[in-house]
Protein chains: 2
Amino acid sequence: MATDRRGPYICGIDAALDVVSGKWKGLILWELEEHEIRRFAELRRGLPGVSEKMLTQHLREMEADGLVVRTVYAEVPPRVEYSLTEHGRALNQALAPLGDWGSERIRREGRELIDHADAAAMPRP
Amino acid sequence: MATDRRGPYICGIDAALDVVSGKWKGLILWELEEHEIRRFAELRRGLPGVSEKMLTQHLREMEADGLVVRTVYAEVPPRVEYSLTEHGRALNQALAPLGDWGSERIRREGRELIDHADAAAMPRP
DNA sequence: TGGGGTACTTACCTCTTGGTAAGTGCCAGG
DNA sequence: CCTGGCACTTACCAAGAGGTAAGTACCCCA
């Protein structure tokens, strides 16, 4: 198991950060916000550099946290679709100001943004 | 060194989470928001369970990230005061909705919430 | 027949995060 | 004189996050 996690929290930010921390979780949230419904391989292609292990691990944790729904279709070849729950969408809303702050900070310091020339199917936040 | 960090970012949330992630950073922000100015030992008492090492480390990183100001008074006994910068305060503003979401989540799932005052009164484990 | 796509799981390994404990130099109070 | 507070630093260590690579089981297309 990845984390014993979900310990007693000191405040709301504590709890929210616990759920969002993980190298790719913010991006997964963003992908699912943009596309509503995504299959595993689509997410993988949307997050350049992610390993399959981490993708499944993060998705399972986010499912357990009630952020995403996982729908399995009993087909061959297998088909699994992911989408946001109501709470996942609310979390994205709550993350928006933080995203703005981050963009502002990037602009302020002239930080690089990653340059996926090919995988540039990823506009802002 | 703590972190090579501050890599190229994929989006604003990425950048913001990078700056905020660290076991105690959210709490430090919150303490400094509440009290405006805090000395090292006051922060330590305010964050029950933090080690001196992590406190200094986090504070130095947050200083480097332009979130807090560190003011040293050339006195004996030493006095060092920490406070938020404009950007630190803006970050706190941006974190507010996330904090609300987290509180809502705690309420929803009946998670335990450590009482700050109780925790401060707890002995060192 | 062979390569690639589907959605994973598993084992192994490394690097980072954070904790523990001790040391530093100075001073005030009992 | 000895303890404790101030604000740290340093060395060492354990746990965990995340990467790599391979395996699984089935199918479609050339």
# chains A, B, ... in the order shown; residues from 1 in each chain; ligands from 1

call {"tool": "select_by_dssp", "arguments": {"residues": "range 37-97 of chain B", "states": "strand (DSSP E or B)", "output": "list in words"}}
result
Ile37, Arg38, Arg39, Val68, Val69, Arg70, Thr71, Val72, Tyr73, Arg79, Val80, Glu81, Tyr82, Ser83 and Leu84 of chain B

call {"tool": "calpha_fit_rmsd", "arguments": {"fixed": "chain B", "moving": "chain A"}}
result
3.8 Å

call {"tool": "residues_around", "arguments": {"residues": "Glu36 in chain A", "least_positions_apart": "3", "cutoff": "7 Å", "atoms": "only C-alpha atoms (C1' of nucleotides)", "output": "list of chain:residue names"}}
result
A:Leu32, A:Glu33, A:Ser83

call {"tool": "residues_around", "arguments": {"residues": "DT17 in chain C", "least_positions_apart": "6", "cutoff": "9 Å", "atoms": "only C-alpha atoms (C1' of nucleotides)", "output": "PyMOL selection string"}}
result
(chain B and resi 2+22-23) or (chain D and resi 15-16)

call {"tool": "write_last_selection", "arguments": {"atoms": "C-alpha atoms (C1' of nucleotides)", "output": "short mmCIF file (atom, residue, chain, number, x, y, z; two decimals), in the first residue's frame"}}
result
data_model
loop_
_atom_site.label_atom_id
_atom_site.label_comp_id
_atom_site.auth_asym_id
_atom_site.auth_seq_id
_atom_site.Cartn_x
_atom_site.Cartn_y
_atom_site.Cartn_z
CA ALA B 2 16.85 19.45 0.63
CA GLY B 22 6.35 19.77 2.89
CA LYS B 23 4.90 18.35 6.02
"C1'" DA D 15 10.27 4.82 5.77
"C1'" DG D 16 8.18 5.85 1.72
#

call {"tool": "interface_residues", "arguments": {"of": "chain A", "to": "chain B", "cutoff": "8 Å", "atoms": "only C-alpha atoms", "output": "ChimeraX atom specification"}}
result
/A:7-17,21,26-27,90-91,94-106,111-114,124-125

call {"tool": "write_last_selection", "arguments": {"atoms": "N, CA and C atoms", "output": "compact mmCIF listing (two decimals), in the first residue's frame"}}
result
# COMPACT_ATOMS: atom_id res chain seq x y z
N GLY A 7 -4.45 10.38 8.02
CA GLY A 7 -4.32 10.47 9.48
C GLY A 7 -5.23 11.57 9.98
N PRO A 8 -5.24 11.77 11.27
CA PRO A 8 -6.01 12.89 11.81
C PRO A 8 -5.38 14.20 11.32
N TYR A 9 -6.22 15.11 10.95
CA TYR A 9 -5.74 16.34 10.36
C TYR A 9 -5.79 17.50 11.34
N ILE A 10 -4.96 18.47 11.06
CA ILE A 10 -4.91 19.64 11.92
C ILE A 10 -5.83 20.74 11.40
N CYS A 11 -5.99 20.78 10.08
CA CYS A 11 -6.91 21.76 9.51
C CYS A 11 -7.32 21.31 8.12
N GLY A 12 -8.19 22.07 7.49
CA GLY A 12 -8.70 21.70 6.19
C GLY A 12 -7.63 21.64 5.12
N ILE A 13 -6.70 22.58 5.16
CA ILE A 13 -5.63 22.60 4.18
C ILE A 13 -4.80 21.33 4.28
N ASP A 14 -4.56 20.94 5.51
CA ASP A 14 -3.87 19.70 5.79
C ASP A 14 -4.55 18.54 5.06
N ALA A 15 -5.85 18.43 5.24
CA ALA A 15 -6.63 17.35 4.65
C ALA A 15 -6.63 17.42 3.13
N ALA A 16 -6.77 18.61 2.60
CA ALA A 16 -6.82 18.77 1.14
C ALA A 16 -5.47 18.44 0.51
N LEU A 17 -4.41 18.92 1.14
CA LEU A 17 -3.08 18.65 0.59
C LEU A 17 -2.78 17.16 0.62
N SER A 21 -1.58 15.56 -2.81
CA SER A 21 -0.14 15.38 -2.96
C SER A 21 0.15 14.01 -3.56
N GLY A 26 -2.47 16.33 -9.43
CA GLY A 26 -2.99 17.58 -9.96
C GLY A 26 -3.26 17.47 -11.45
N LEU A 27 -2.33 16.83 -12.15
CA LEU A 27 -2.48 16.69 -13.59
C LEU A 27 -3.63 15.77 -13.97
N ALA A 90 -15.47 19.63 -7.31
CA ALA A 90 -15.39 20.70 -6.31
C ALA A 90 -13.93 20.97 -5.94
N LEU A 91 -13.16 19.91 -5.83
CA LEU A 91 -11.74 20.08 -5.51
C LEU A 91 -11.05 20.89 -6.60
N ALA A 94 -11.72 24.38 -6.14
CA ALA A 94 -10.97 24.93 -5.01
C ALA A 94 -9.50 25.12 -5.37
N LEU A 95 -9.04 24.35 -6.35
CA LEU A 95 -7.64 24.45 -6.74
C LEU A 95 -7.38 25.61 -7.69
N ALA A 96 -8.45 26.12 -8.29
CA ALA A 96 -8.28 27.16 -9.30
C ALA A 96 -7.48 28.38 -8.81
N PRO A 97 -7.83 28.95 -7.65
CA PRO A 97 -7.07 30.11 -7.19
C PRO A 97 -5.59 29.77 -6.97
N LEU A 98 -5.36 28.57 -6.50
CA LEU A 98 -3.98 28.13 -6.29
C LEU A 98 -3.24 28.06 -7.63
N GLY A 99 -3.94 27.56 -8.63
CA GLY A 99 -3.35 27.50 -9.96
C GLY A 99 -3.02 28.88 -10.48
N ASP A 100 -3.91 29.82 -10.22
CA ASP A 100 -3.65 31.19 -10.66
C ASP A 100 -2.42 31.75 -9.95
N TRP A 101 -2.35 31.49 -8.65
CA TRP A 101 -1.20 31.97 -7.89
C TRP A 101 0.08 31.38 -8.47
N GLY A 102 0.03 30.10 -8.76
CA GLY A 102 1.21 29.42 -9.32
C GLY A 102 1.61 29.99 -10.67
N SER A 103 0.63 30.25 -11.52
CA SER A 103 0.93 30.81 -12.84
C SER A 103 1.56 32.19 -12.68
N GLU A 104 0.98 32.96 -11.78
CA GLU A 104 1.51 34.28 -11.50
C GLU A 104 2.96 34.19 -11.04
N ARG A 105 3.21 33.22 -10.19
CA ARG A 105 4.56 33.03 -9.68
C ARG A 105 5.53 32.64 -10.79
N ILE A 106 5.09 31.75 -11.66
CA ILE A 106 5.92 31.35 -12.80
C ILE A 106 6.25 32.57 -13.65
N ARG A 111 10.11 31.45 -14.63
CA ARG A 111 10.43 30.02 -14.60
C ARG A 111 10.08 29.39 -15.94
N GLU A 112 10.76 28.27 -16.19
CA GLU A 112 10.41 27.54 -17.39
C GLU A 112 9.12 26.77 -17.16
N LEU A 113 8.37 26.70 -18.22
CA LEU A 113 7.28 25.75 -18.26
C LEU A 113 7.79 24.59 -19.08
N ILE A 114 7.32 23.40 -18.73
CA ILE A 114 7.82 22.24 -19.44
C ILE A 114 7.45 22.35 -20.92
N ARG A 124 -3.35 25.50 -20.22
CA ARG A 124 -2.93 26.18 -19.01
C ARG A 124 -3.04 25.30 -17.76
N PRO A 125 -3.45 25.43 -16.66
CA PRO A 125 -4.04 26.52 -15.86
C PRO A 125 -3.03 27.58 -15.53

call {"tool": "interface_residues", "arguments": {"of": "chain C", "to": "chain B", "cutoff": "12 Å", "atoms": "only C-alpha atoms (C1' of nucleotides)", "output": "list in words"}}
result
DC15, DT16, DT17, DG18, DG19, DT20, DA21, DG25, DC26, DC27 and DA28 of chain C

call {"tool": "atom_distance", "arguments": {"atom1": "CA of Glu86 in chain B", "atom2": "CA of Arg39 in chain B"}}
result
18.8 Å

call {"tool": "interface_residues", "arguments": {"of": "chain B", "to": "chain D", "cutoff": "8 Å", "atoms": "only C-alpha atoms (C1' of nucleotides)", "output": "PDB file with N, CA and C atoms, in the first residue's frame"}}
result
ATOM      1  N   PHE B  40      11.205  32.033  16.190  1.00  0.00           N
ATOM      2  CA  PHE B  40      11.451  30.618  15.928  1.00  0.00           C
ATOM      3  C   PHE B  40      10.801  29.722  16.980  1.00  0.00           C
ATOM      4  N   ALA B  41      11.063  30.013  18.218  1.00  0.00           N
ATOM      5  CA  ALA B  41      10.561  29.144  19.284  1.00  0.00           C
ATOM      6  C   ALA B  41       9.043  29.209  19.397  1.00  0.00           C
ATOM      7  N   THR B  56      13.576  24.762  10.635  1.00  0.00           N
ATOM      8  CA  THR B  56      14.549  25.631   9.955  1.00  0.00           C
ATOM      9  C   THR B  56      14.564  25.344   8.464  1.00  0.00           C
ATOM     10  N   PRO B  77      20.477  37.251  24.140  1.00  0.00           N
ATOM     11  CA  PRO B  77      20.194  36.041  23.360  1.00  0.00           C
ATOM     12  C   PRO B  77      19.637  36.370  21.973  1.00  0.00           C
ATOM     13  N   PRO B  78      19.908  35.508  21.020  1.00  0.00           N
ATOM     14  CA  PRO B  78      19.511  35.760  19.640  1.00  0.00           C
ATOM     15  C   PRO B  78      18.001  35.930  19.483  1.00  0.00           C
ATOM     16  N   ARG B  79      17.619  36.794  18.550  1.00  0.00           N
ATOM     17  CA  ARG B  79      16.204  36.945  18.254  1.00  0.00           C
ATOM     18  C   ARG B  79      16.025  36.958  16.742  1.00  0.00           C
ATOM     19  N   VAL B  80      15.145  36.102  16.281  1.00  0.00           N
ATOM     20  CA  VAL B  80      14.855  36.017  14.854  1.00  0.00           C
ATOM     21  C   VAL B  80      13.348  36.041  14.689  1.00  0.00           C
TER      22      VAL B  80
END

call {"tool": "atom_distance", "arguments": {"atom1": "CA of Gln57 in chain A", "atom2": "CA of Glu75 in chain A"}}
result
22.6 Å

call {"tool": "select_by_dssp", "arguments": {"residues": "chain A", "states": "alpha helix (DSSP H)", "output": "mmCIF file with C-alpha atoms, in the first residue's frame"}}
result
data_model
loop_
_atom_site.group_PDB
_atom_site.id
_atom_site.type_symbol
_atom_site.label_atom_id
_atom_site.label_comp_id
_atom_site.auth_asym_id
_atom_site.auth_seq_id
_atom_site.Cartn_x
_atom_site.Cartn_y
_atom_site.Cartn_z
ATOM 1 C CA GLY A 12 -8.701 21.704 6.186
ATOM 2 C CA ILE A 13 -5.629 22.601 4.177
ATOM 3 C CA ASP A 14 -3.868 19.696 5.786
ATOM 4 C CA ALA A 15 -6.631 17.348 4.652
ATOM 5 C CA ALA A 16 -6.821 18.771 1.144
ATOM 6 C CA LEU A 17 -3.084 18.653 0.587
ATOM 7 C CA ASP A 18 -3.035 15.057 1.749
ATOM 8 C CA VAL A 19 -5.473 14.136 -0.978
ATOM 9 C CA VAL A 20 -3.766 16.163 -3.686
ATOM 10 C CA LYS A 25 -2.589 13.957 -9.013
ATOM 11 C CA GLY A 26 -2.991 17.577 -9.956
ATOM 12 C CA LEU A 27 -2.478 16.689 -13.595
ATOM 13 C CA ILE A 28 -4.911 13.785 -13.464
ATOM 14 C CA LEU A 29 -7.516 16.098 -11.992
ATOM 15 C CA TRP A 30 -6.853 18.580 -14.762
ATOM 16 C CA GLU A 31 -7.045 15.966 -17.522
ATOM 17 C CA LEU A 32 -10.329 14.678 -16.210
ATOM 18 C CA GLU A 33 -11.692 18.182 -15.866
ATOM 19 C CA GLU A 34 -10.853 18.910 -19.490
ATOM 20 C CA HIS A 35 -12.072 15.677 -21.021
ATOM 21 C CA PHE A 40 -6.413 4.538 -18.840
ATOM 22 C CA ALA A 41 -4.260 4.719 -21.948
ATOM 23 C CA GLU A 42 -5.585 8.170 -22.822
ATOM 24 C CA LEU A 43 -4.578 9.438 -19.394
ATOM 25 C CA ARG A 44 -1.194 7.834 -19.798
ATOM 26 C CA ARG A 45 -0.662 9.620 -23.082
ATOM 27 C CA GLY A 46 -1.944 12.847 -21.553
ATOM 28 C CA GLU A 52 1.846 2.804 -15.497
ATOM 29 C CA LYS A 53 2.477 1.834 -11.910
ATOM 30 C CA MET A 54 2.107 5.379 -10.630
ATOM 31 C CA LEU A 55 -0.924 6.045 -12.782
ATOM 32 C CA THR A 56 -2.838 3.059 -11.438
ATOM 33 C CA GLN A 57 -1.660 3.753 -7.916
ATOM 34 C CA HIS A 58 -2.753 7.372 -8.021
ATOM 35 C CA LEU A 59 -6.048 6.520 -9.681
ATOM 36 C CA ARG A 60 -6.812 3.904 -7.040
ATOM 37 C CA GLU A 61 -6.049 6.321 -4.242
ATOM 38 C CA MET A 62 -8.177 9.009 -5.828
ATOM 39 C CA GLU A 63 -10.980 6.516 -6.234
ATOM 40 C CA ALA A 64 -10.681 5.558 -2.571
ATOM 41 C CA GLU A 86 -18.896 15.726 -7.684
ATOM 42 C CA HIS A 87 -16.257 16.059 -4.978
ATOM 43 C CA GLY A 88 -13.484 15.808 -7.510
ATOM 44 C CA ARG A 89 -15.008 18.640 -9.473
ATOM 45 C CA ALA A 90 -15.389 20.697 -6.306
ATOM 46 C CA LEU A 91 -11.741 20.078 -5.513
ATOM 47 C CA ASN A 92 -10.785 21.345 -8.933
ATOM 48 C CA GLN A 93 -12.780 24.491 -8.294
ATOM 49 C CA ALA A 94 -10.970 24.928 -5.015
ATOM 50 C CA LEU A 95 -7.636 24.450 -6.737
ATOM 51 C CA ALA A 96 -8.282 27.160 -9.303
ATOM 52 C CA PRO A 97 -7.066 30.109 -7.185
ATOM 53 C CA LEU A 98 -3.979 28.133 -6.288
ATOM 54 C CA GLY A 99 -3.351 27.498 -9.959
ATOM 55 C CA ASP A 100 -3.646 31.193 -10.656
ATOM 56 C CA TRP A 101 -1.197 31.973 -7.889
ATOM 57 C CA GLY A 102 1.208 29.425 -9.318
ATOM 58 C CA SER A 103 0.934 30.812 -12.839
ATOM 59 C CA GLU A 104 1.507 34.282 -11.499
ATOM 60 C CA ARG A 105 4.561 33.030 -9.678
ATOM 61 C CA ILE A 106 5.922 31.349 -12.798
ATOM 62 C CA ARG A 107 5.402 34.554 -14.721
ATOM 63 C CA ARG A 108 7.001 36.601 -11.950
ATOM 64 C CA GLU A 109 10.173 34.586 -11.805
#

call {"tool": "atom_distance", "arguments": {"atom1": "CA of Glu81 in chain A", "atom2": "CA of Gly110 in chain B"}}
result
29.2 Å
